[in-house]
Structures are given as C-alpha cells and as structure tokens.
>>> print(open('query-v2.cif').read())   # mmCIF, C-alpha atoms
data_target
loop_
_atom_site.label_atom_id
_atom_site.label_comp_id
_atom_site.auth_asym_id
_atom_site.auth_seq_id
_atom_site.Cartn_x
_atom_site.Cartn_y
_atom_site.Cartn_z
CA MET A 1 140.81 233.17 101.51
CA ASP A 2 142.91 232.29 104.52
CA PHE A 3 145.33 229.78 103.00
CA ALA A 4 147.94 227.80 104.91
CA ILE A 5 150.58 225.39 103.63
CA ASN A 6 151.40 221.98 105.07
CA HIS A 7 155.11 221.14 104.78
CA ILE A 8 154.20 217.97 102.87
CA SER A 9 153.37 220.27 99.95
CA ALA A 10 157.11 220.78 99.45
CA PRO A 11 158.85 218.20 101.66
CA SER A 12 162.27 218.60 100.05
CA LEU A 13 162.54 222.21 101.24
CA PRO A 14 164.43 222.78 104.49
CA LEU A 15 162.37 224.49 107.17
CA GLN A 16 163.59 228.05 106.62
CA ALA A 17 163.24 227.75 102.83
CA PHE A 18 159.72 226.36 103.30
CA PHE A 19 158.75 229.28 105.52
CA ALA A 20 160.19 231.75 103.00
CA MET A 21 158.20 230.14 100.17
CA VAL A 22 155.00 230.37 102.19
CA ARG A 23 155.53 234.09 102.71
CA ARG A 24 156.21 234.65 99.01
CA LEU A 25 152.90 232.93 98.31
CA GLY A 26 151.16 235.55 100.42
CA ALA A 27 150.37 233.18 103.29
CA ASN A 28 151.61 233.27 106.86
CA ARG A 29 150.39 230.01 108.39
CA VAL A 30 152.05 226.62 108.19
CA GLU A 31 151.81 223.05 109.42
CA ILE A 32 154.88 221.03 110.26
CA ARG A 33 155.14 217.26 110.48
CA ASN A 34 156.66 214.30 112.26
CA ASP A 35 156.75 212.08 109.17
CA THR A 36 157.37 213.65 105.74
CA PRO A 37 159.43 215.67 106.39
CA ASP A 38 160.17 214.72 109.99
CA VAL A 39 160.79 218.17 111.41
CA MET A 40 159.80 217.17 114.93
CA ASN A 41 162.53 214.58 115.28
CA SER A 42 165.23 216.45 113.36
CA VAL A 43 164.99 220.12 114.41
CA ALA A 44 164.98 221.41 118.00
CA PRO A 45 161.69 223.11 118.90
CA GLU A 46 163.48 226.32 119.87
CA GLU A 47 165.00 226.47 116.39
CA VAL A 48 161.59 226.00 114.80
CA ARG A 49 160.12 228.78 116.94
CA ALA A 50 162.97 231.12 116.06
CA ALA A 51 162.75 230.38 112.34
CA ALA A 52 158.97 230.91 112.34
CA GLY A 53 159.35 234.18 114.18
CA ALA A 54 162.03 235.42 111.80
CA ALA A 55 159.91 234.51 108.78
CA GLY A 56 156.69 235.91 110.21
CA VAL A 57 154.73 232.67 110.05
CA GLU A 58 152.40 231.03 112.57
CA ILE A 59 152.65 227.29 113.16
CA LEU A 60 149.11 225.96 113.15
CA SER A 61 149.81 222.33 113.96
CA ILE A 62 152.10 219.35 114.08
CA ASN A 63 150.82 216.43 112.02
CA ALA A 64 150.22 213.80 113.46
CA LEU A 65 149.71 211.72 116.60
CA TYR A 66 148.87 208.16 115.44
CA PRO A 67 146.93 206.07 116.36
CA PHE A 68 145.51 208.38 119.01
CA ASN A 69 142.45 206.19 119.69
CA VAL A 70 144.51 203.21 120.91
CA TRP A 71 145.76 204.52 124.25
CA SER A 72 148.27 201.80 125.05
CA GLY A 73 151.91 200.83 124.53
CA ASP A 74 154.13 203.84 123.92
CA LEU A 75 151.32 206.13 122.74
CA PRO A 76 150.94 208.04 126.05
CA GLU A 77 154.68 208.71 126.10
CA ARG A 78 154.68 209.80 122.46
CA ALA A 79 151.67 212.02 123.08
CA VAL A 80 153.44 213.87 125.89
CA LYS A 81 156.61 214.23 123.83
CA MET A 82 154.67 215.60 120.89
CA ALA A 83 152.65 217.99 123.04
CA ASP A 84 155.82 219.29 124.71
CA TYR A 85 157.40 219.85 121.31
CA ALA A 86 154.30 221.66 120.03
CA ARG A 87 154.28 223.98 123.03
CA ASP A 88 157.99 224.66 122.76
CA CYS A 89 158.00 225.35 119.01
CA GLY A 90 154.94 227.60 119.20
CA ALA A 91 152.42 225.33 117.45
CA LYS A 92 148.76 225.85 118.30
CA ALA A 93 147.48 222.31 117.84
CA LEU A 94 148.19 218.63 117.35
CA VAL A 95 146.55 216.66 114.55
CA MET A 96 145.28 213.33 115.86
CA CYS A 97 144.63 210.43 113.47
CA PRO A 98 142.87 207.13 114.27
CA LEU A 99 144.06 203.58 113.71
CA ASN A 100 143.91 202.82 109.99
CA ASP A 101 144.73 199.13 109.46
CA GLY A 102 141.33 197.45 109.38
CA THR A 103 141.21 196.76 113.12
CA PRO A 104 138.03 198.09 114.72
CA VAL A 105 138.30 200.30 117.80
CA ALA A 106 135.34 200.37 120.17
CA ARG A 107 133.66 203.68 120.97
CA ALA A 108 134.56 203.19 124.64
CA GLU A 109 138.25 203.03 123.72
CA LEU A 110 137.94 206.16 121.60
CA VAL A 111 136.25 208.04 124.43
CA ALA A 112 138.86 206.83 126.92
CA ALA A 113 141.69 207.98 124.65
CA LEU A 114 140.13 211.43 124.27
CA ARG A 115 139.75 211.70 128.05
CA ALA A 116 143.37 210.69 128.58
CA MET A 117 144.71 213.11 125.99
CA ALA A 118 142.64 216.11 127.09
CA PRO A 119 144.68 217.14 130.16
CA ILE A 120 147.93 216.78 128.21
CA LEU A 121 146.59 219.30 125.71
CA ARG A 122 145.02 221.61 128.31
CA ASP A 123 148.18 221.84 130.39
CA ARG A 124 150.11 223.04 127.35
CA GLY A 125 147.48 225.35 125.87
CA LEU A 126 146.99 223.19 122.78
CA THR A 127 144.00 222.15 120.70
CA GLY A 128 143.54 218.56 119.59
CA LEU A 129 142.45 218.40 115.94
CA VAL A 130 140.72 215.04 115.58
CA GLU A 131 140.92 213.90 111.95
CA PRO A 132 138.57 211.08 110.92
CA LEU A 133 140.08 209.09 108.05
CA GLY A 134 137.58 208.14 105.38
CA PHE A 135 139.36 204.99 104.21
CA PRO A 136 137.22 201.82 104.38
CA ILE A 137 139.76 200.31 106.80
CA SER A 138 139.75 203.29 109.17
CA SER A 139 138.60 202.82 112.76
CA LEU A 140 137.07 206.33 112.80
CA ARG A 141 135.61 207.38 109.46
CA THR A 142 133.14 210.17 110.23
CA LYS A 143 133.17 213.54 111.93
CA GLY A 144 129.81 212.77 113.51
CA ALA A 145 131.26 209.78 115.37
CA ALA A 146 134.25 211.86 116.47
CA ILE A 147 132.05 214.67 117.80
CA ASP A 148 129.87 212.17 119.65
CA ALA A 149 132.95 210.74 121.36
CA ILE A 150 134.35 214.19 122.22
CA ARG A 151 131.07 215.07 123.92
CA ALA A 152 131.04 211.76 125.77
CA ALA A 153 134.59 212.44 126.95
CA GLY A 154 133.54 215.82 128.37
CA SER A 155 136.27 217.52 126.39
CA THR A 156 134.52 219.94 124.07
CA ASP A 157 136.80 222.72 125.33
CA VAL A 158 140.02 221.22 123.98
CA TYR A 159 139.07 219.37 120.79
CA ARG A 160 138.03 220.46 117.32
CA ILE A 161 137.56 218.52 114.09
CA MET A 162 139.86 218.46 111.10
CA HIS A 163 137.81 218.65 107.93
CA ASP A 164 139.86 216.96 105.22
CA THR A 165 138.17 217.22 101.83
CA PHE A 166 139.70 213.91 100.69
CA HIS A 167 138.55 211.97 103.75
CA HIS A 168 135.14 213.67 103.78
CA HIS A 169 134.56 212.51 100.21
CA LEU A 170 135.75 208.96 100.91
CA ALA A 171 133.56 208.63 104.00
CA GLY A 172 130.46 209.78 102.12
CA GLU A 173 129.41 211.87 105.11
CA GLY A 174 126.79 214.48 104.30
CA GLU A 175 127.16 216.71 107.34
CA LEU A 176 130.09 219.13 107.44
CA TYR A 177 129.99 220.58 110.99
CA PRO A 178 131.54 224.01 110.30
CA ASP A 179 131.02 225.07 113.94
CA TRP A 180 133.21 222.16 115.04
CA THR A 181 135.89 222.64 112.40
CA GLY A 182 139.27 223.83 113.63
CA LEU A 183 141.21 223.44 110.38
CA VAL A 184 140.58 222.35 106.79
CA HIS A 185 142.92 220.22 104.68
CA ILE A 186 142.50 220.30 100.90
CA SER A 187 143.89 218.10 98.15
CA GLY A 188 142.52 216.85 94.85
CA VAL A 189 142.22 213.54 93.06
CA THR A 190 142.24 213.72 89.27
CA ASP A 191 142.82 210.08 88.25
CA PRO A 192 139.64 209.15 86.31
CA GLU A 193 140.22 205.41 86.68
CA VAL A 194 140.49 204.94 90.44
CA ALA A 195 137.24 204.12 92.27
CA VAL A 196 136.43 206.21 95.34
CA GLU A 197 136.82 203.21 97.65
CA ASP A 198 140.30 202.59 96.21
CA MET A 199 141.60 206.15 96.56
CA LEU A 200 144.78 206.42 98.63
CA ASP A 201 147.05 209.20 99.86
CA ALA A 202 149.22 208.56 96.79
CA HIS A 203 146.39 209.89 94.59
CA ARG A 204 146.18 213.24 96.41
CA ARG A 205 147.44 216.12 94.28
CA LEU A 206 146.97 219.88 94.31
CA VAL A 207 143.42 221.02 93.55
CA ASP A 208 142.70 221.94 89.93
CA ASP A 209 139.81 221.73 87.46
CA GLY A 210 140.17 217.94 87.18
CA ASP A 211 139.33 217.43 90.85
CA ARG A 212 136.93 214.60 91.69
CA LEU A 213 136.57 215.32 95.41
CA GLU A 214 134.23 218.32 95.13
CA ASN A 215 136.64 220.56 97.00
CA ILE A 216 134.93 223.75 95.86
CA PRO A 217 131.40 222.75 96.97
CA GLN A 218 132.82 221.53 100.29
CA LEU A 219 134.68 224.79 100.90
CA ARG A 220 131.70 226.88 99.90
CA ALA A 221 129.42 224.97 102.26
CA LEU A 222 131.91 225.35 105.12
CA LEU A 223 132.25 229.09 104.52
CA ASP A 224 128.49 229.52 104.15
CA GLY A 225 128.13 227.65 107.46
CA GLY A 226 130.36 230.16 109.22
CA TYR A 227 133.84 228.60 109.05
CA ARG A 228 136.47 231.35 108.97
CA GLY A 229 139.65 229.43 109.74
CA PRO A 230 142.63 228.48 107.59
CA ILE A 231 142.48 226.22 104.55
CA SER A 232 145.68 224.21 104.35
CA PHE A 233 147.12 222.45 101.28
CA GLU A 234 148.07 218.82 102.01
CA PRO A 235 149.00 216.86 98.84
CA PHE A 236 150.60 213.44 99.30
CA ALA A 237 151.28 212.42 95.69
CA GLU A 238 154.92 211.74 94.87
CA GLU A 239 154.61 213.68 91.62
CA VAL A 240 153.79 216.79 93.64
CA HIS A 241 156.69 216.20 96.03
CA ALA A 242 159.06 215.85 93.06
CA LEU A 243 158.06 219.14 91.40
CA ALA A 244 161.01 221.31 90.45
CA ASP A 245 158.97 224.43 91.25
CA PRO A 246 156.46 223.66 94.02
CA GLU A 247 155.95 227.36 94.62
CA ALA A 248 154.53 227.93 91.14
CA ALA A 249 152.29 224.89 91.41
CA LEU A 250 150.96 225.98 94.79
CA ARG A 251 150.34 229.50 93.55
CA GLU A 252 148.35 228.18 90.59
CA SER A 253 146.25 225.95 92.84
CA MET A 254 145.66 228.75 95.34
CA GLU A 255 144.47 231.03 92.58
CA PHE A 256 142.20 228.30 91.19
CA VAL A 257 140.61 227.52 94.56
CA ALA A 258 140.11 231.18 95.47
CA SER A 259 138.62 232.13 92.11
CA ARG A 260 136.28 229.14 91.90
CA THR A 261 135.10 229.52 95.49
CA GLU A 262 134.40 233.21 94.99
CA ARG A 263 132.62 232.46 91.71
CA SER A 264 130.49 229.87 93.47
CA ALA A 265 129.60 232.38 96.16
CA SER A 266 128.62 235.07 93.65
CA ALA A 267 126.32 232.64 91.87
CA ARG A 268 124.20 232.20 95.00
#
>>> encode(input="query-v2.cif", output="structure tokens")
Amino acid sequence: MDFAINHISAPSLPLQAFFAMVRRLGANRVEIRNDTPDVMNSVAPEEVRAAAGAAGVEILSINALYPFNVWSGDLPERAVKMADYARDCGAKALVMCPLNDGTPVARAELVAALRAMAPILRDRGLTGLVEPLGFPISSLRTKGAAIDAIRAAGSTDVYRIMHDTFHHHLAGEGELYPDWTGLVHISGVTDPEVAVEDMLDAHRRLVDDGDRLENIPQLRALLDGGYRGPISFEPFAEEVHALADPEAALRESMEFVASRTERSASAR
C-alpha cells in the first residue's frame, strides 16, 4: 500500500527527524502543517524543500486552509500566502477545510469561494484538496455536496476531494467517490463509550483492531473503485502525540492496515 505520514502523527519531531522516520518506515510521502506542528510559520519554505530533497521524501500537502468556504476578511490574503509557501517548499496540494462552528454557509458562498481560490491554485501548479468535515456542526459535511459545488464553480481541473475515514464515518455518507479522491486520511476511534455524533479529533488514534470507523472496509472500497493514491496517517489524540516511540506505533498500525486490507481483498 502507498502509505504517507502526516506530521501530526509525531508532532514533537523536528522536520528533518520526521522525514528520517518516514523513510525508515518505508514511506516517502509526507504532509506538513500550519497548526500542529506549525511548520509553515516556523520554517522557511526553501529549508523545507531542501530537507525533503535530502531525505528523499515528497511533500503531498500543507494542512490546512480554514475556513476556505468563507471568502472574506483575511482569508484571501492567507490563501495566497499559503499557496506561495506550498509552491516554494515543493508541496503538491493544499488541504482546504470548511467552517466548523455551527454557522451554516450557503451553497452560493461555497461556490464563490471555490471560484476565487481556483486561479490562486492554478497559477502555482497546486491542487486544492477539499475536505468535508463530518461533525454535526460542520458547514460542509459530505463529499457529494463538495463535488456539486466544484462542478458549479467550473473548477474540476484544480480540485479533488480528501477522503477522511473519520469524517466519512461521522457524516454517514454512503458514496465514496474514488474517482474524485486526491488523498486519503486514516485514523481510528477505539473508545467504546463515545457516540458517533460525539466523536471529536481528540478521539482519533492510530488504526488497530479496536477501530470503530470501518477503516478497512472504506479502504477496500476505495481501492476496488480504482483509487491508487497515498493513504496518509492523521491521528489527533494526545496520547498518540505523547508516545515515546511513535515510529514503532506507526509501523504496527501500517502493518495492521496493510495485512487486513489485503486479507479483505483475498476474501472477495
């Protein structure tokens, strides 16, 4: 499987140490962030590009532009700054997340934001990875609604969908859209007490046999549907971030996901 590692999997590691860990894990694709850890605002893009080149890793994305669907205030300025940084550091894409505070955003505003962002991405050779958030308070919960808006914006050339197994499960969306998927994020929830509608980023761990999100069926369906892109680990739980040996934990989860997905495929 084509695994990638999001820096939030081991946020305490400096950039070069993170890249070295990824290579030891047998992967060569990474995602960097502008929150935890805030690489974008703490490391010059030329330094990131040089470190990635020296380590032999490809930077898939910077995560994330928020809230991309409210194109007002300082968002246009931040979008340009982030796109410039992505181009200069060698990233291929920007992750774009919608407003997630319970405030609804009209479809017309979403379409307008996608139209406004499209030339910024095109001019820099970037892809916009639109990531619907499945939380009940999210202003864009489903991939279907995102794809509809991308089509309405006339921007199918520059946008793809982020399939996040956590958010897909929370949204209860049946369709997976492998042809539209540009990147997959995986994480697992094992807490048996928390209701689906109450799941938060803090519950998101590495995927193991206690997973409640149906990561393996989701991955199998995406692969069966023709998806051949990277599958990136994105755990948010503090207990994962505090691990003394994140490399060992990631390796164990990678082996679990690969073996279970292959087993699922052979059973068909």
>>> atom_distance(input="query-v2.cif", atom1="atom CA of A:Leu206", atom2="atom CA of A:Phe3")
13.3 Å
>>> resolve_selection(input="query-v2.cif", expression="the PyMOL selection byres ((chain A and resi 193-196) around 12)", output="list in words")
Gly134, Phe135, Pro136, Phe166, His167, His168, His169, Leu170, Ala171, Gly172, Val189, Thr190, Asp191, Pro192, Glu197, Asp198, Met199, Leu200, Asp201, Ala202, His203, Arg204, Arg212 and Leu213 of chain A
>>> closest_residue(input="query-v2.cif", among="A:Val207, A:Glu262, A:Phe236, A:Asn6", to="A:Leu223", atoms="only C-alpha atoms")
A:Glu262
>>> closest_residue(input="query-v2.cif", among="A:Asn100, A:Ser12, A:Ser187, A:Ser155", to="A:Asp211", atoms="all atoms listed in the file")
A:Ser187
>>> closest_residue(input="query-v2.cif", among="A:Pro14, A:Gly229, A:Pro119, A:Gly174", to="A:Pro76", atoms="all atoms listed in the file")
A:Pro119
>>> residues_around(input="query-v2.cif", residues="A:Ala64", least_positions_apart="6", cutoff="10 Å", atoms="only C-alpha atoms", output="JSON, numbers by chain")
{"A": [32, 33, 34, 35, 79, 82, 93, 94, 95, 96, 97, 98, 129, 130, 131]}
>>> resolve_selection(input="query-v2.cif", expression="the PyMOL selection byres ((chain A and resi 250) around 10)", output="list in words")
Ile5, Ser9, Ala10, Met21, Val22, Leu25, Leu206, Val207, Phe233, Val240, Asp245, Pro246, Glu247, Ala248, Ala249, Arg251, Glu252, Ser253, Met254, Glu255 and Phe256 of chain A
>>> axis_aligned_box(input="query-v2.cif", around="stretch 62-65 of chain A", padding_each_side="5 Å", output="lines of an AutoDock Vina configuration file")
center_x = 150.9
center_y = 215.5
center_z = 114.3
size_x = 12.4
size_y = 17.6
size_z = 14.6
>>> resolve_selection(input="query-v2.cif", expression="the PyMOL selection byres ((chain A and resi 221) around 10)", output="list in words")
Glu175, Leu176, Tyr177, Pro178, Asn215, Ile216, Pro217, Gln218, Leu219, Arg220, Leu222, Leu223, Asp224, Gly225, Gly226, Tyr227, Thr261 and Ala265 of chain A
>>> write_last_selection(input="query-v2.cif", atoms="C-alpha atoms", output="short mmCIF file (atom, residue, chain, number, x, y, z; two decimals), in the frame of the given file")
data_model
loop_
_atom_site.label_atom_id
_atom_site.label_comp_id
_atom_site.auth_asym_id
_atom_site.auth_seq_id
_atom_site.Cartn_x
_atom_site.Cartn_y
_atom_site.Cartn_z
CA GLU A 175 127.16 216.71 107.34
CA LEU A 176 130.09 219.13 107.44
CA TYR A 177 129.99 220.58 110.99
CA PRO A 178 131.54 224.01 110.30
CA ASN A 215 136.64 220.56 97.00
CA ILE A 216 134.93 223.75 95.86
CA PRO A 217 131.40 222.75 96.97
CA GLN A 218 132.82 221.53 100.29
CA LEU A 219 134.68 224.79 100.90
CA ARG A 220 131.70 226.88 99.90
CA LEU A 222 131.91 225.35 105.12
CA LEU A 223 132.25 229.09 104.52
CA ASP A 224 128.49 229.52 104.15
CA GLY A 225 128.13 227.65 107.46
CA GLY A 226 130.36 230.16 109.22
CA TYR A 227 133.84 228.60 109.05
CA THR A 261 135.10 229.52 95.49
CA ALA A 265 129.60 232.38 96.16
#
>>> closest_residue(input="query-v2.cif", among="A:Ser61, A:Asp84, A:Ala145, A:Arg260", to="A:Asp123", atoms="all atoms listed in the file")
A:Asp84
>>> closest_residue(input="query-v2.cif", among="A:Trp180, A:Tyr159, A:Tyr85, A:Trp71", to="A:Val43", atoms="all atoms listed in the file")
A:Tyr85
>>> atom_distance(input="query-v2.cif", atom1="atom CA of A:Val57", atom2="atom CA of A:Phe19")
6.9 Å
>>> atom_distance(input="query-v2.cif", atom1="atom CA of A:Met40", atom2="atom CA of A:Arg228")
27.9 Å
>>> closest_residue(input="query-v2.cif", among="A:Asn69, A:Asn63, A:Gln16, A:Thr127", to="A:Thr181", atoms="all atoms listed in the file")
A:Thr127
>>> residues_around(input="query-v2.cif", residues="A:Lys92", least_positions_apart="2", cutoff="10 Å", atoms="all atoms listed in the file", output="ChimeraX atom specification")
/A:31,58-62,83,86-87,89-90,94,124-128
>>> residues_around(input="query-v2.cif", residues="A:Ala118", least_positions_apart="2", cutoff="8 Å", atoms="only C-alpha atoms", output="ChimeraX atom specification")
/A:114-116,120-122,128,155,158-159
>>> residues_around(input="query-v2.cif", residues="A:Gly182", least_positions_apart="5", cutoff="6 Å", atoms="only C-alpha atoms", output="PDB file with C-alpha atoms, in the frame of the given file")
ATOM      1  CA  ARG A 160     138.030 220.460 117.320  1.00  0.00           C
ATOM      2  CA  ILE A 161     137.560 218.520 114.090  1.00  0.00           C
ATOM      3  CA  MET A 162     139.860 218.460 111.100  1.00  0.00           C
TER       4      MET A 162
END
>>> residues_around(input="query-v2.cif", residues="A:Leu110", least_positions_apart="2", cutoff="12 Å", atoms="all atoms listed in the file", output="PDB file with C-alpha atoms, keeping the file's coordinate frame")
ATOM      1  CA  PRO A  67     146.930 206.070 116.360  1.00  0.00           C
ATOM      2  CA  PHE A  68     145.510 208.380 119.010  1.00  0.00           C
ATOM      3  CA  ASN A  69     142.450 206.190 119.690  1.00  0.00           C
ATOM      4  CA  VAL A  70     144.510 203.210 120.910  1.00  0.00           C
ATOM      5  CA  TRP A  71     145.760 204.520 124.250  1.00  0.00           C
ATOM      6  CA  SER A  72     148.270 201.800 125.050  1.00  0.00           C
ATOM      7  CA  MET A  96     145.280 213.330 115.860  1.00  0.00           C
ATOM      8  CA  CYS A  97     144.630 210.430 113.470  1.00  0.00           C
ATOM      9  CA  PRO A  98     142.870 207.130 114.270  1.00  0.00           C
ATOM     10  CA  LEU A  99     144.060 203.580 113.710  1.00  0.00           C
ATOM     11  CA  PRO A 104     138.030 198.090 114.720  1.00  0.00           C
ATOM     12  CA  VAL A 105     138.300 200.300 117.800  1.00  0.00           C
ATOM     13  CA  ALA A 106     135.340 200.370 120.170  1.00  0.00           C
ATOM     14  CA  ARG A 107     133.660 203.680 120.970  1.00  0.00           C
ATOM     15  CA  ALA A 108     134.560 203.190 124.640  1.00  0.00           C
ATOM     16  CA  ALA A 112     138.860 206.830 126.920  1.00  0.00           C
ATOM     17  CA  ALA A 113     141.690 207.980 124.650  1.00  0.00           C
ATOM     18  CA  LEU A 114     140.130 211.430 124.270  1.00  0.00           C
ATOM     19  CA  ARG A 115     139.750 211.700 128.050  1.00  0.00           C
ATOM     20  CA  ALA A 116     143.370 210.690 128.580  1.00  0.00           C
ATOM     21  CA  MET A 117     144.710 213.110 125.990  1.00  0.00           C
ATOM     22  CA  VAL A 130     140.720 215.040 115.580  1.00  0.00           C
ATOM     23  CA  PRO A 132     138.570 211.080 110.920  1.00  0.00           C
ATOM     24  CA  SER A 139     138.600 202.820 112.760  1.00  0.00           C
ATOM     25  CA  LEU A 140     137.070 206.330 112.800  1.00  0.00           C
ATOM     26  CA  ALA A 145     131.260 209.780 115.370  1.00  0.00           C
ATOM     27  CA  ALA A 146     134.250 211.860 116.470  1.00  0.00           C
ATOM     28  CA  ILE A 147     132.050 214.670 117.800  1.00  0.00           C
ATOM     29  CA  ASP A 148     129.870 212.170 119.650  1.00  0.00           C
ATOM     30  CA  ALA A 149     132.950 210.740 121.360  1.00  0.00           C
ATOM     31  CA  ILE A 150     134.350 214.190 122.220  1.00  0.00           C
ATOM     32  CA  ARG A 151     131.070 215.070 123.920  1.00  0.00           C
ATOM     33  CA  ALA A 152     131.040 211.760 125.770  1.00  0.00           C
ATOM     34  CA  ALA A 153     134.590 212.440 126.950  1.00  0.00           C
TER      35      ALA A 153
END
